[in-house]
>>> print(open('start25.txt').read())   # compact mmCIF, C-alpha atoms
# COMPACT_ATOMS: atom_id res chain seq x y z
CA MET C 884 -32.26 -8.90 -54.52
CA LEU C 885 -35.89 -9.50 -55.38
CA ARG C 886 -35.68 -13.05 -54.19
CA SER C 887 -34.19 -12.08 -50.84
CA ARG C 888 -36.86 -9.44 -50.33
CA PHE C 889 -39.50 -12.04 -51.11
CA SER C 890 -38.04 -14.53 -48.65
CA CYS C 891 -37.91 -11.81 -46.01
CA LEU C 892 -41.61 -11.18 -46.56
CA LEU C 893 -42.34 -14.89 -46.38
CA LEU C 894 -40.40 -15.15 -43.14
CA ALA C 895 -42.29 -12.19 -41.64
CA LEU C 896 -45.62 -13.70 -42.68
CA THR C 897 -44.77 -17.06 -41.13
CA TRP C 898 -43.75 -15.32 -37.93
CA VAL C 899 -47.00 -13.36 -37.78
CA ALA C 900 -48.98 -16.54 -38.45
CA ALA C 901 -47.04 -18.41 -35.75
CA LEU C 902 -47.79 -15.64 -33.22
CA GLY C 903 -51.44 -16.60 -33.29
CA CYS C 904 -50.64 -20.18 -32.37
CA GLY C 905 -48.37 -19.37 -29.45
CA SER C 906 -49.45 -21.12 -26.25
CA GLU C 907 -49.76 -18.80 -23.27
CA LEU C 908 -48.72 -21.53 -20.87
CA PRO C 909 -45.02 -21.07 -20.20
CA SER C 910 -44.41 -23.99 -17.83
CA THR C 911 -44.72 -27.71 -17.98
CA VAL C 912 -44.85 -29.66 -14.75
CA SER C 913 -44.54 -33.36 -14.16
CA GLY C 914 -43.33 -35.68 -11.45
CA LYS C 915 -43.98 -38.77 -9.41
CA VAL C 916 -46.27 -39.36 -6.44
CA THR C 917 -45.57 -42.06 -3.87
CA LEU C 918 -47.57 -43.26 -0.87
CA ASP C 919 -45.36 -44.79 1.84
CA GLY C 920 -42.63 -45.27 -0.72
CA ALA C 921 -44.73 -47.12 -3.31
CA PRO C 922 -46.04 -45.30 -6.43
CA LEU C 923 -49.61 -44.02 -6.09
CA THR C 924 -51.36 -45.66 -9.03
CA LYS C 925 -54.35 -43.33 -9.45
CA GLY C 926 -55.63 -39.94 -8.35
CA THR C 927 -55.13 -36.28 -9.11
CA VAL C 928 -52.59 -33.63 -8.16
CA THR C 929 -54.19 -30.16 -7.94
CA PHE C 930 -52.10 -27.00 -8.23
CA ALA C 931 -54.15 -24.08 -6.83
CA PRO C 932 -52.54 -20.63 -7.21
CA GLN C 933 -51.75 -18.79 -3.96
CA GLY C 934 -52.73 -15.49 -5.56
CA GLU C 935 -54.29 -14.75 -8.93
CA GLY C 936 -53.99 -17.44 -11.54
CA ARG C 937 -55.45 -20.57 -12.99
CA ILE C 938 -55.81 -23.99 -11.41
CA ALA C 939 -53.88 -26.85 -12.99
CA TYR C 940 -54.54 -30.56 -12.60
CA GLY C 941 -52.33 -33.58 -13.11
CA GLU C 942 -53.85 -37.05 -13.34
CA ILE C 943 -51.68 -39.77 -11.85
CA ASP C 944 -51.08 -42.76 -14.12
CA SER C 945 -50.62 -46.40 -13.14
CA SER C 946 -46.90 -45.95 -12.53
CA GLY C 947 -47.35 -42.91 -10.27
CA ASN C 948 -46.39 -40.24 -12.79
CA TYR C 949 -48.39 -37.12 -13.55
CA THR C 950 -48.22 -34.26 -16.08
CA VAL C 951 -50.28 -31.13 -15.45
CA ARG C 952 -52.82 -29.51 -17.73
CA THR C 953 -54.78 -26.27 -17.48
CA LEU C 954 -58.26 -27.18 -18.76
CA ASN C 955 -57.42 -28.99 -22.01
CA ASP C 956 -54.01 -27.41 -22.61
CA GLN C 957 -50.78 -29.03 -21.54
CA GLY C 958 -48.76 -27.02 -19.04
CA MET C 959 -49.58 -24.26 -16.59
CA GLN C 960 -48.83 -20.69 -15.58
CA VAL C 961 -45.76 -19.55 -13.63
CA GLY C 962 -46.27 -18.80 -9.93
CA GLU C 963 -46.59 -20.02 -6.37
CA TYR C 964 -49.03 -22.87 -5.85
CA ASN C 965 -50.60 -24.87 -3.05
CA VAL C 966 -50.69 -28.54 -3.92
CA THR C 967 -53.31 -31.08 -2.87
CA ILE C 968 -53.40 -34.75 -3.78
CA ILE C 969 -56.42 -37.05 -3.80
CA ALA C 970 -56.98 -40.63 -4.87
CA THR C 971 -60.34 -42.31 -4.46
CA GLY C 972 -61.60 -45.86 -4.75
CA GLU C 973 -64.84 -47.22 -6.16
CA ALA C 974 -68.03 -45.67 -4.78
CA PRO C 975 -70.31 -48.28 -3.17
CA ALA C 976 -73.43 -46.68 -4.74
CA SER C 977 -74.17 -44.09 -7.36
CA ASP C 978 -74.54 -41.16 -4.97
CA ILE C 979 -72.27 -42.04 -2.08
CA PRO C 980 -68.84 -40.38 -2.18
CA PRO C 981 -66.06 -42.78 -3.14
CA PRO C 982 -63.69 -43.59 -0.25
CA LEU C 983 -60.39 -41.69 -0.02
CA LEU C 984 -57.34 -43.87 -0.60
CA THR C 985 -54.94 -41.11 0.41
CA PRO C 986 -54.84 -39.51 3.89
CA ALA C 987 -57.42 -36.73 4.22
CA LYS C 988 -54.83 -34.10 5.16
CA TYR C 989 -53.43 -34.13 1.61
CA ALA C 990 -56.85 -33.12 0.25
CA ASN C 991 -56.73 -29.73 1.97
CA ALA C 992 -54.35 -26.93 0.99
CA GLN C 993 -54.01 -25.83 4.64
CA THR C 994 -52.87 -29.23 5.85
CA SER C 995 -51.21 -30.87 2.87
CA GLY C 996 -47.90 -29.12 3.51
CA PHE C 997 -47.08 -29.17 -0.20
CA THR C 998 -46.33 -26.03 -2.16
CA ALA C 999 -44.71 -25.57 -5.54
CA SER C 1000 -42.84 -22.66 -7.02
CA VAL C 1001 -43.39 -23.10 -10.75
CA LYS C 1002 -40.74 -21.60 -13.03
CA PRO C 1003 -40.88 -21.06 -16.78
CA GLY C 1004 -39.96 -24.14 -18.75
CA PRO C 1005 -40.02 -27.73 -17.55
CA ASN C 1006 -40.44 -28.32 -13.80
CA THR C 1007 -40.36 -31.54 -11.81
CA PHE C 1008 -42.10 -31.94 -8.47
CA ASN C 1009 -42.18 -35.28 -6.69
CA PHE C 1010 -44.53 -35.77 -3.76
CA ALA C 1011 -44.04 -38.39 -1.06
CA LEU C 1012 -47.23 -39.05 0.91
CA GLU C 1013 -47.25 -40.88 4.24
CA LYS C 1014 -50.16 -42.65 5.86
CA MET I 665 -48.00 -29.81 -93.63
CA PRO I 666 -49.20 -28.13 -90.43
CA ASP I 667 -52.86 -27.54 -90.35
CA VAL I 668 -53.78 -24.22 -88.72
CA GLN I 669 -57.32 -25.42 -88.13
CA LEU I 670 -56.08 -28.13 -85.73
CA ARG I 671 -54.55 -25.70 -83.19
CA ARG I 672 -57.36 -25.20 -80.74
CA ARG I 673 -57.26 -22.92 -77.71
CA ALA I 674 -57.00 -25.08 -74.58
CA PHE I 675 -55.62 -25.23 -71.02
CA THR I 676 -52.21 -26.67 -70.59
CA LEU I 677 -51.68 -29.05 -67.70
CA VAL I 678 -49.70 -26.43 -65.78
CA GLU I 679 -52.48 -23.89 -66.12
CA LEU I 680 -54.99 -26.42 -64.86
CA LEU I 681 -52.84 -27.30 -61.87
CA VAL I 682 -52.39 -23.62 -61.03
CA VAL I 683 -56.15 -23.08 -61.13
CA ILE I 684 -56.77 -26.11 -58.92
CA ALA I 685 -54.14 -24.91 -56.46
CA ILE I 686 -55.71 -21.45 -56.29
CA ILE I 687 -59.17 -22.89 -55.74
CA GLY I 688 -57.74 -25.17 -53.06
CA ILE I 689 -56.14 -22.25 -51.24
CA LEU I 690 -59.38 -20.25 -51.41
CA VAL I 691 -61.41 -23.16 -50.01
CA ALA I 692 -58.85 -23.70 -47.26
CA LEU I 693 -59.16 -20.03 -46.34
CA LEU I 694 -62.96 -20.06 -46.45
CA LEU I 695 -63.71 -23.32 -44.67
CA PRO I 696 -62.64 -22.21 -41.16
CA ALA I 697 -64.58 -18.98 -41.66
CA VAL I 698 -67.71 -20.94 -42.58
CA GLN I 699 -67.23 -23.27 -39.62
CA SER I 700 -66.82 -20.39 -37.19
CA ALA I 701 -69.88 -18.64 -38.62
CA ARG I 702 -71.86 -21.82 -38.03
CA GLU I 703 -70.53 -22.08 -34.47
CA ALA I 704 -71.41 -18.42 -33.88
CA ALA I 705 -74.98 -19.15 -34.98
CA ARG I 706 -75.19 -22.16 -32.68
CA ARG I 707 -73.82 -20.07 -29.83
CA MET I 708 -76.46 -17.44 -30.43
CA GLN I 709 -79.20 -20.06 -30.32
CA CYS I 710 -77.74 -21.44 -27.12
CA ALA I 711 -77.77 -17.97 -25.54
CA ASN I 712 -81.36 -17.61 -26.64
CA ASN I 713 -82.32 -20.90 -24.95
CA LEU I 714 -80.80 -19.67 -21.70
CA LYS I 715 -82.57 -16.34 -22.06
CA GLN I 716 -85.93 -18.10 -22.49
CA MET I 717 -85.29 -20.17 -19.36
CA ALA I 718 -84.27 -17.10 -17.33
CA LEU I 719 -87.40 -15.27 -18.46
CA ALA I 720 -89.51 -18.32 -17.56
CA VAL I 721 -87.97 -18.30 -14.07
CA HIS I 722 -88.92 -14.64 -13.75
CA ASN I 723 -92.45 -15.27 -14.96
CA TYR I 724 -92.72 -18.08 -12.43
CA GLN I 725 -91.47 -15.97 -9.50
CA THR I 726 -93.74 -13.08 -10.47
CA ALA I 727 -96.73 -15.43 -10.46
CA MET I 728 -95.62 -17.02 -7.16
CA GLN I 729 -95.03 -13.82 -5.12
CA GLY I 730 -91.26 -13.97 -5.52
CA GLN I 731 -90.78 -17.69 -4.83
CA MET I 732 -88.01 -19.17 -7.01
CA PRO I 733 -88.61 -22.54 -8.74
CA ILE I 734 -88.43 -25.48 -6.35
CA SER I 735 -86.64 -28.82 -6.44
CA SER I 736 -88.38 -31.40 -4.26
CA GLY I 737 -85.47 -33.61 -3.19
CA TYR I 738 -85.37 -37.39 -3.51
CA GLY I 739 -84.52 -38.60 -0.03
CA ALA I 740 -84.56 -37.82 3.68
CA GLU I 741 -81.84 -35.18 3.57
CA GLY I 742 -81.25 -31.70 4.97
CA SER I 743 -82.46 -29.98 8.12
CA SER I 744 -86.21 -30.29 7.50
CA PRO I 745 -87.03 -33.01 4.98
CA SER I 746 -90.61 -33.04 3.76
CA ALA I 747 -92.84 -36.07 4.06
CA GLN I 748 -92.90 -36.66 0.32
CA ARG I 749 -89.75 -36.30 -1.76
CA SER I 750 -91.02 -36.69 -5.30
CA GLY I 751 -87.71 -36.02 -7.10
CA LYS I 752 -89.27 -33.20 -9.11
CA GLY I 753 -86.69 -30.74 -10.41
CA TRP I 754 -86.96 -26.95 -10.70
CA ILE I 755 -87.15 -27.12 -14.51
CA VAL I 756 -90.55 -28.82 -14.16
CA CYS I 757 -91.82 -25.69 -12.34
CA ILE I 758 -91.06 -23.43 -15.30
CA LEU I 759 -92.46 -25.74 -18.02
CA PRO I 760 -95.78 -23.81 -18.22
CA TYR I 761 -93.75 -20.67 -18.89
CA LEU I 762 -91.85 -22.41 -21.71
CA GLU I 763 -95.06 -23.25 -23.58
CA GLN I 764 -95.00 -26.82 -22.20
CA GLN I 765 -98.20 -26.85 -20.16
CA ALA I 766 -99.14 -30.33 -21.45
CA LEU I 767 -95.88 -31.83 -20.22
CA TYR I 768 -96.25 -30.05 -16.90
CA ASP I 769 -99.77 -31.45 -16.50
CA ILE I 770 -98.47 -35.02 -16.85
CA PHE I 771 -95.91 -34.41 -14.10
CA ALA I 772 -98.49 -32.61 -11.94
CA GLU I 773 -100.97 -35.46 -12.26
CA HIS I 774 -98.59 -38.40 -11.72
CA GLY I 775 -95.26 -37.07 -10.50
CA PHE I 776 -95.83 -34.75 -7.56
CA LYS I 777 -97.02 -37.34 -5.05
CA GLY I 778 -95.21 -40.18 -3.38
CA GLU I 779 -91.62 -40.95 -2.51
CA PHE I 780 -89.05 -41.09 -5.32
CA GLY I 781 -86.99 -43.73 -3.50
CA SER I 782 -89.90 -46.18 -3.40
CA GLY I 783 -90.92 -45.73 -7.03
CA GLY I 784 -93.32 -42.84 -6.50
CA GLY I 785 -93.09 -39.20 -7.55
CA ILE I 786 -91.51 -38.66 -10.95
CA LYS I 787 -90.18 -42.22 -10.87
CA SER I 788 -93.70 -43.62 -11.11
CA ALA I 789 -94.46 -45.63 -14.25
CA ASN I 790 -96.89 -42.96 -15.47
CA CYS I 791 -94.07 -40.42 -15.78
CA ARG I 792 -91.75 -42.53 -17.94
CA GLY I 793 -92.99 -40.95 -21.18
CA ALA I 794 -92.67 -37.43 -19.78
CA MET I 795 -89.15 -38.11 -18.43
CA LYS I 796 -87.84 -38.99 -21.88
CA THR I 797 -89.36 -35.98 -23.64
CA ASN I 798 -86.53 -34.21 -25.47
CA LEU I 799 -87.21 -30.48 -25.40
CA PRO I 800 -85.03 -28.66 -27.97
CA MET I 801 -84.96 -25.58 -25.73
CA LEU I 802 -83.03 -27.58 -23.10
CA LYS I 803 -80.30 -28.56 -25.59
CA CYS I 804 -77.25 -26.61 -26.65
CA PRO I 805 -76.97 -26.91 -30.45
CA SER I 806 -73.16 -27.21 -30.20
CA ASP I 807 -73.43 -30.41 -28.15
CA PRO I 808 -74.52 -33.39 -30.28
CA SER I 809 -74.38 -35.74 -27.27
CA SER I 810 -77.38 -34.24 -25.48
CA LYS I 811 -79.88 -34.85 -28.27
CA GLN I 812 -80.48 -38.52 -27.49
CA THR I 813 -82.15 -39.93 -24.42
CA ILE I 814 -79.88 -41.87 -22.10
CA THR I 815 -80.26 -44.86 -19.76
CA THR I 816 -77.22 -44.43 -17.51
CA GLN I 817 -78.16 -41.40 -15.41
CA ASN I 818 -77.65 -41.76 -11.67
CA GLN I 819 -80.79 -43.12 -9.97
CA TRP I 820 -82.21 -43.81 -13.47
CA GLU I 821 -80.04 -46.77 -14.44
CA GLY I 822 -81.80 -48.69 -17.22
CA ILE I 823 -84.55 -46.09 -17.58
CA GLU I 824 -84.69 -43.80 -20.59
CA VAL I 825 -84.54 -40.10 -19.66
CA ALA I 826 -83.96 -36.85 -21.55
CA THR I 827 -81.03 -34.67 -20.51
CA THR I 828 -80.50 -30.93 -20.24
CA ASN I 829 -77.52 -28.76 -21.15
CA TYR I 830 -78.74 -26.05 -18.79
CA LYS I 831 -78.25 -26.43 -15.06
CA GLY I 832 -79.24 -24.27 -12.12
CA VAL I 833 -76.33 -22.85 -10.13
CA LEU I 834 -75.92 -24.45 -6.69
CA GLY I 835 -73.16 -22.06 -5.65
CA ASP I 836 -69.54 -23.08 -5.23
CA GLY I 837 -69.98 -25.89 -2.69
CA LYS I 838 -67.62 -28.85 -2.98
CA MET I 839 -69.19 -32.06 -4.24
CA GLY I 840 -68.67 -35.48 -2.65
CA GLY I 841 -67.46 -34.26 0.73
CA SER I 842 -63.69 -34.32 0.89
CA ALA I 843 -63.34 -36.48 -2.23
CA SER I 844 -63.35 -33.50 -4.63
CA ILE I 845 -60.12 -32.53 -6.38
CA HIS I 846 -61.22 -28.89 -6.70
CA PRO I 847 -59.92 -26.27 -4.26
CA SER I 848 -63.20 -24.48 -3.42
CA PRO I 849 -63.26 -23.70 0.33
CA THR I 850 -67.08 -23.90 0.51
CA PRO I 851 -68.27 -27.08 2.24
CA ASP I 852 -70.39 -29.70 0.50
CA CYS I 853 -74.10 -28.85 0.74
CA HIS I 854 -75.60 -30.73 -2.19
CA ASN I 855 -77.00 -33.55 -0.07
CA THR I 856 -78.18 -31.31 2.78
CA ASN I 857 -79.45 -27.77 2.29
CA GLY I 858 -78.44 -24.12 2.69
CA CYS I 859 -76.30 -23.91 -0.46
CA PRO I 860 -74.89 -20.51 -1.51
CA GLY I 861 -76.72 -20.52 -4.86
CA LEU I 862 -80.33 -20.87 -5.98
CA PHE I 863 -80.87 -24.36 -7.33
CA TYR I 864 -80.02 -27.67 -5.65
CA ARG I 865 -82.01 -30.77 -4.97
CA ASN I 866 -83.22 -29.81 -1.47
CA ASN I 867 -83.81 -26.10 -2.13
CA TYR I 868 -87.46 -26.58 -1.10
CA GLN I 869 -86.23 -26.44 2.52
CA ASP I 870 -84.76 -22.95 2.24
CA ASN I 871 -87.65 -20.83 0.92
CA ILE I 872 -85.54 -19.06 -1.71
CA THR I 873 -87.24 -15.97 -3.11
CA ILE I 874 -86.11 -13.22 -5.42
CA ASP I 875 -85.40 -11.19 -2.25
CA SER I 876 -82.88 -13.83 -1.15
CA ILE I 877 -80.52 -12.60 -3.88
CA LYS I 878 -78.88 -9.95 -1.71
CA ASP I 879 -75.69 -9.76 -3.78
CA GLY I 880 -77.80 -8.18 -6.53
CA THR I 881 -79.45 -9.96 -9.42
CA THR I 882 -76.85 -8.57 -11.82
CA ASN I 883 -74.05 -10.17 -9.79
CA THR I 884 -75.50 -13.63 -9.31
CA PHE I 885 -75.59 -16.62 -11.62
CA MET I 886 -78.93 -18.29 -12.23
CA ILE I 887 -78.38 -20.93 -14.93
CA GLY I 888 -75.24 -22.19 -16.66
CA GLU I 889 -74.18 -24.62 -19.37
CA ASP I 890 -73.06 -28.21 -18.97
CA ILE I 891 -72.32 -31.19 -21.25
CA PRO I 892 -74.35 -34.30 -20.32
CA SER I 893 -71.74 -36.68 -21.77
CA GLN I 894 -69.30 -35.32 -19.15
CA ASN I 895 -71.71 -35.48 -16.22
CA GLN I 896 -73.94 -38.39 -15.24
CA HIS I 897 -76.26 -36.02 -13.33
CA SER I 898 -78.09 -34.43 -16.26
CA ALA I 899 -81.65 -35.81 -16.24
CA ALA I 900 -83.69 -32.80 -17.35
CA PHE I 901 -86.72 -33.02 -15.05
CA TYR I 902 -85.07 -34.61 -12.04
CA CYS I 903 -83.96 -32.68 -8.94
CA ASN I 904 -80.59 -34.47 -8.97
CA GLY I 905 -79.83 -33.75 -12.64
CA ASP I 906 -80.67 -30.08 -13.10
CA TYR I 907 -78.03 -28.29 -11.04
CA ALA I 908 -74.25 -27.94 -10.97
CA SER I 909 -71.63 -26.26 -8.80
CA CYS I 910 -69.00 -23.62 -9.53
CA HIS I 911 -66.47 -25.53 -7.41
CA ALA I 912 -64.53 -26.54 -10.53
CA PRO I 913 -63.02 -24.02 -12.95
CA LEU I 914 -65.31 -23.20 -15.87
CA ASN I 915 -64.89 -25.72 -18.72
CA PHE I 916 -63.18 -28.32 -16.54
CA MET I 917 -63.43 -31.58 -18.49
CA TYR I 918 -62.06 -35.05 -18.57
CA ASN I 919 -60.71 -36.32 -21.85
CA PRO I 920 -61.89 -39.01 -22.34
CA ALA I 921 -65.03 -38.19 -20.35
CA GLN I 922 -65.51 -39.73 -16.90
CA PRO I 923 -69.24 -39.08 -16.48
CA SER I 924 -69.56 -41.28 -13.37
CA ASN I 925 -66.79 -39.39 -11.54
CA TRP I 926 -69.47 -37.21 -9.97
CA PRO I 927 -67.56 -35.45 -7.17
CA ASN I 928 -65.43 -33.75 -9.81
CA THR I 929 -67.74 -33.40 -12.81
CA ILE I 930 -70.93 -31.73 -11.46
CA SER I 931 -69.81 -28.35 -12.80
CA PHE I 932 -70.24 -26.00 -15.75
CA ARG I 933 -68.73 -26.37 -19.22
CA SER I 934 -69.57 -26.00 -22.88
CA LEU I 935 -68.29 -26.95 -26.32
CA HIS I 936 -68.19 -23.32 -27.44
CA PRO I 937 -64.64 -22.07 -27.97
CA GLY I 938 -63.00 -20.61 -24.85
CA GLY I 939 -65.95 -20.16 -22.53
CA ALA I 940 -69.60 -20.77 -21.72
CA HIS I 941 -72.87 -18.92 -21.27
CA PHE I 942 -74.47 -18.04 -17.97
CA ALA I 943 -77.88 -16.54 -17.38
CA LEU I 944 -77.72 -14.07 -14.50
CA CYS I 945 -80.57 -13.51 -12.06
CA ASP I 946 -81.50 -10.24 -13.77
CA GLY I 947 -82.40 -12.26 -16.87
CA SER I 948 -79.35 -11.26 -18.92
CA VAL I 949 -77.14 -13.85 -20.61
CA ARG I 950 -73.36 -13.44 -20.60
CA TYR I 951 -70.57 -15.33 -22.32
CA LEU I 952 -67.81 -15.90 -19.78
CA SER I 953 -64.25 -16.77 -20.75
CA ASP I 954 -62.88 -19.92 -19.14
CA ASN I 955 -59.93 -17.70 -18.19
CA ILE I 956 -62.18 -16.07 -15.56
CA ASN I 957 -60.63 -15.58 -12.12
CA TYR I 958 -61.59 -18.50 -9.86
CA ASP I 959 -62.54 -16.31 -6.88
CA LEU I 960 -64.68 -14.04 -9.09
CA TYR I 961 -66.33 -17.07 -10.67
CA ARG I 962 -67.18 -18.49 -7.25
CA GLY I 963 -68.28 -15.06 -6.00
CA LEU I 964 -70.77 -14.76 -8.84
CA SER I 965 -72.28 -18.13 -7.91
CA SER I 966 -73.47 -17.05 -4.44
CA LYS I 967 -76.69 -15.15 -3.86
CA SER I 968 -75.99 -13.41 -0.54
CA ARG I 969 -72.38 -13.82 0.57
CA GLY I 970 -71.57 -10.16 -0.02
CA GLU I 971 -68.50 -10.48 -2.26
CA ILE I 972 -67.55 -7.43 -4.28
CA VAL I 973 -67.78 -8.70 -7.84
CA THR I 974 -67.85 -7.03 -11.22
CA LEU I 975 -68.36 -8.99 -14.37
CA PRO I 976 -65.46 -8.78 -16.81
>>> encode(input="start25.txt", output="structure tokens")
Amino acid sequence: MLRSRFSCLLLALTWVAALGCGSELPSTVSGKVTLDGAPLTKGTVTFAPQGEGRIAYGEIDSSGNYTVRTLNDQGMQVGEYNVTIIATGEAPASDIPPPLLTPAKYANAQTSGFTASVKPGPNTFNFALEK
Amino acid sequence: MPDVQLRRRAFTLVELLVVIAIIGILVALLLPAVQSAREAARRMQCANNLKQMALAVHNYQTAMQGQMPISSGYGAEGSSPSAQRSGKGWIVCILPYLEQQALYDIFAEHGFKGEFGSGGGIKSANCRGAMKTNLPMLKCPSDPSSKQTITTQNQWEGIEVATTNYKGVLGDGKMGGSASIHPSPTPDCHNTNGCPGLFYRNNYQDNITIDSIKDGTTNTFMIGEDIPSQNQHSAAFYCNGDYASCHAPLNFMYNPAQPSNWPNTISFRSLHPGGAHFALCDGSVRYLSDNINYDLYRGLSSKSRGEIVTLP
């Protein structure tokens, strides 16, 4: 009896302690970005909320895959997002903007044509860019 | 025959282990508390640094009939470039009001004349000592990276310069034209003029006074925090190292750092937990959560765009 009461208390304490660690980011988002069918090997996917919310970024790795983060935390908030995608090359000098490798229309939320409806849990969004 | 005298009072091994375990648990409980108390003290000192700078800006503008501190630009940019772009940054203007008259005098004597791009202005050889002067009041105590001078700053490659953790607020203009990953709708103005905020490298062309802050001094950012190891534009006394934009969300960072990725990293961030300090134009210093609404954050960065903003 005493032991079970003790274990109940321990369980409750662990639960309370775990509450403090709970991440507030309910969704994880990843996917693949291609340019004219071939994987885009660098760049960033930006998820900007259509209403209130936080911006999430996904850096594209050398095989075209990305996973989003919100500041330094993995994942993002649920909601409707406009998506923009940018990859840049090497800047010719220290204060000249680096050239865009992706078409300029994908850098602007009004013209990119990409939106994402992010649900709780894992999401996958693949983006196919065309020159 | 048992000898009673030999039985001494002593700890058993189990007792000793229990004591060690208890002490261990106590230390484990205390250590985070001590660390957070130390961070709280550093944060307070950081807020104080910002407060001193904001007060210096106000002392400057009072002495100059309302004129805000001026950055002199470093090239032929903007709508009305001056004949001499010395590269002097706005922080140089407030040095006399930060008890640094001697440093100011060196800049005034050698750094205010000539063209930065051709080795004049603050790039002249006579200013090298002044440029690498580390002022503790320009450093956030939570950021160990800003305490050393650095030789990789943009336009100062190979030359030792001191950095600053405190940057004037340009507004929310994009950086690097269309190459920025951040969704701010405000066009790039950093290499021209007419930015929404107060401090940018060509602000000498816009005659910004205290009366220009039409959104109200309580609703407008003046100075914010940055981390020089994240941003290669952090030279303390240089007009291209003493400002940042609110185009990126607060505390946006690369991990590992990409300091040369300037279109995306000229923004505000700190190593304090969950937010950063801003000095507002009324001289107050606020700690803002990095959870802050993006539109509100950008609204606070403009001086006269007329947004309805209330600080959280």
>>> closest_residue(input="start25.txt", among="C:Leu983, C:Ala976, C:Val961, C:Ala939", to="Gln819 of chain I", atoms="all atoms listed in the file")
C:Ala976
>>> atom_distance(input="start25.txt", atom1="atom CA of Val678 of chain I", atom2="atom CA of Leu695 of chain I")
25.5 Å
>>> interface_residues(input="start25.txt", of="chain C", to="chain I", cutoff="7 Å", atoms="all atoms listed in the file", output="PyMOL selection string")
chain C and resi 927+929+931+936+954+969+971+977+980-981+983+990
>>> residues_around(input="start25.txt", residues="Asn965 of chain C", least_positions_apart="6", cutoff="7 Å", atoms="only C-alpha atoms", output="list in words")
Phe930, Ala931, Pro932, Gln933, Ala992, Phe997, Thr998 and Ala999 of chain C
>>> atom_distance(input="start25.txt", atom1="atom CA of Leu918 of chain C", atom2="atom CA of Gly941 of chain C")
16.3 Å
>>> atom_distance(input="start25.txt", atom1="atom CA of Pro805 of chain I", atom2="atom CA of Arg707 of chain I")
7.6 Å
>>> build_atoms(input="start25.txt", residues="segment 1004-1008 of chain C", atoms="all heavy atoms", output="compact mmCIF listing (two decimals), in the frame of the given file")
# COMPACT_ATOMS: atom_id res chain seq x y z
N GLY C 1004 -40.64 -22.96 -18.23
CA GLY C 1004 -39.96 -24.14 -18.75
C GLY C 1004 -40.37 -25.39 -18.00
O GLY C 1004 -41.33 -25.38 -17.24
N PRO C 1005 -39.64 -26.49 -18.20
CA PRO C 1005 -40.02 -27.73 -17.55
C PRO C 1005 -39.69 -27.73 -16.05
O PRO C 1005 -38.64 -27.24 -15.65
CB PRO C 1005 -39.21 -28.80 -18.29
CG PRO C 1005 -38.24 -28.07 -19.14
CD PRO C 1005 -38.52 -26.62 -19.12
N ASN C 1006 -40.63 -28.20 -15.24
CA ASN C 1006 -40.44 -28.32 -13.80
C ASN C 1006 -40.72 -29.77 -13.40
O ASN C 1006 -41.55 -30.43 -14.03
CB ASN C 1006 -41.46 -27.47 -13.04
CG ASN C 1006 -41.28 -25.98 -13.27
OD1 ASN C 1006 -40.77 -25.26 -12.44
ND2 ASN C 1006 -41.71 -25.52 -14.44
N THR C 1007 -40.06 -30.22 -12.34
CA THR C 1007 -40.36 -31.54 -11.81
C THR C 1007 -40.63 -31.42 -10.32
O THR C 1007 -39.83 -30.83 -9.59
CB THR C 1007 -39.17 -32.50 -12.03
OG1 THR C 1007 -38.86 -32.51 -13.42
CG2 THR C 1007 -39.53 -33.91 -11.60
N PHE C 1008 -41.79 -31.91 -9.91
CA PHE C 1008 -42.10 -31.94 -8.47
C PHE C 1008 -42.52 -33.36 -8.12
O PHE C 1008 -43.47 -33.89 -8.67
CB PHE C 1008 -43.23 -30.97 -8.13
CG PHE C 1008 -42.90 -29.53 -8.38
CD1 PHE C 1008 -43.45 -28.87 -9.46
CD2 PHE C 1008 -42.04 -28.84 -7.54
CE1 PHE C 1008 -43.16 -27.54 -9.71
CE2 PHE C 1008 -41.74 -27.51 -7.78
CZ PHE C 1008 -42.29 -26.85 -8.86
